[in-house]
Amino acid sequence: MHVRVQACGGPGATGDDPGQGRGVDARQAVAQLGGVATHADLLTMVTRHTVASGFAAGQIIRLARGRYGLVEASQQRRRAVAVSGTLSHLSAAQHHGWAVKHPPEQAWVTVPRNRKVSRVTQAQVALTYADLREDEVVDGVTAPLRTVLDCARKLPFDEALSVADSALRDGDVTSTELREAAARTRGRGAREARKVAAHADGRAANPFESVLRAIVIESGVLDVVPQHPVPTRTMIFHPDLVDVRRRIAIEADSWAWHHDQHTHGRDCVR
């Protein structure tokens, strides 16, 4: 059985008619791709000229060779420094170069539990209180493992799973260390952290797929894995999600990943 989900919005979806670059600038393209995007992914949505223009205009920043992020990421780090805090949660995930369901609008900042923070500052940032160990902070930002656990404890399951999948996909965290760290977690959000650690999978291609998998997991109906190989007579396909025992494949598509009618139709045939 094959199930297909056509998206008209959300992560990885433009909601526009197909057509490269139609009504989308470089910043919007990066945001729709999870706040982080490779040059190749951007070219499925906009033209090379749009990418170059967006970079020159300061709409997007270059995180590494062939990899772009939102200018807000650097602004949020400066905000954390301004309040003498540590960049954390979604802002730290963005700093580490991970794709997320929705890029954060405010800087997520963690300060020590005994810190007194003005109401003005509290209104300017997404503030959390925690006493971080020295090994949990790298250059003013929560370390990758701490970042994944913070998101798992604080965010809705689909958002947290997107972060964890991305961290695993980029190789910044391993499944083993994530599960072991989650098992040691105590207090508020510990159960949620263990749930995310149990389901995190670096095979998920992007936050769009991670969110879909979270929905399926929470439904409790299917037992799915991402990108499981499905052989046919001529080739091997890797659907977004597969319930191997029930022989069900689920695909979720959006115009963000299909720059014209032909490529979208080709995947429908697939």
# chains A, B, ... in the order shown; residues from 1 in each chain; ligands from 1
call {"tool": "residues_around", "arguments": {"residues": "A:Arg213", "least_positions_apart": "5", "cutoff": "9 Å", "atoms": "only C-alpha atoms", "output": "number ranges by chain"}}
result
A: 158, 161, 204, 208, 218, 224-226, 240-241
call {"tool": "residues_around", "arguments": {"residues": "A:His39", "least_positions_apart": "5", "cutoff": "10 Å", "atoms": "only C-alpha atoms", "output": "list in words"}}
result
Val30, Thr44, Arg48, Val51, Arg62, Arg65, Gly66, Arg67 and Tyr68 of chain A
call {"tool": "residues_around", "arguments": {"residues": "A:Gln106", "least_positions_apart": "3", "cutoff": "8 Å", "atoms": "only C-alpha atoms", "output": "list in words"}}
result
Gln76, Gln124, Val125 and Ala126 of chain A
call {"tool": "select_by_dssp", "arguments": {"residues": "stretch 88-141 of chain A", "states": "strand (DSSP E)", "output": "mmCIF file with C-alpha atoms, in the first residue's frame"}}
result
data_model
loop_
_atom_site.group_PDB
_atom_site.id
_atom_site.type_symbol
_atom_site.label_atom_id
_atom_site.label_comp_id
_atom_site.auth_asym_id
_atom_site.auth_seq_id
_atom_site.Cartn_x
_atom_site.Cartn_y
_atom_site.Cartn_z
ATOM 1 C CA ALA A 107 16.879 34.257 20.541
ATOM 2 C CA TRP A 108 16.697 31.304 22.911
ATOM 3 C CA VAL A 109 18.983 32.108 25.828
ATOM 4 C CA THR A 110 19.836 30.119 28.969
ATOM 5 C CA VAL A 111 21.048 31.886 32.124
ATOM 6 C CA VAL A 125 14.423 36.724 24.313
ATOM 7 C CA ALA A 126 13.041 33.230 24.919
ATOM 8 C CA LEU A 127 14.604 32.835 28.355
ATOM 9 C CA THR A 128 15.288 29.622 30.270
ATOM 10 C CA TYR A 129 17.101 29.011 33.538
ATOM 11 C CA VAL A 137 28.902 25.062 26.537
ATOM 12 C CA VAL A 138 31.170 25.743 23.567
ATOM 13 C CA VAL A 141 26.531 28.154 22.694
#
call {"tool": "select_by_dssp", "arguments": {"residues": "stretch 9-248 of chain A", "states": "alpha helix (DSSP H)", "output": "JSON, numbers by chain"}}
result
{"A": [26, 27, 28, 29, 30, 31, 32, 39, 40, 41, 42, 48, 49, 50, 51, 52, 53, 54, 55, 56, 71, 72, 73, 74, 75, 76, 77, 78, 79, 80, 81, 82, 89, 90, 91, 92, 93, 94, 95, 119, 120, 121, 122, 123, 124, 144, 145, 146, 147, 148, 149, 150, 151, 152, 153, 154, 157, 158, 159, 160, 161, 162, 163, 164, 165, 166, 167, 168, 169, 175, 176, 177, 178, 179, 180, 181, 182, 183, 184, 190, 191, 192, 193, 194, 195, 196, 197, 198, 199, 207, 208, 209, 210, 211, 212, 213, 214, 215, 216, 217, 218, 219]}
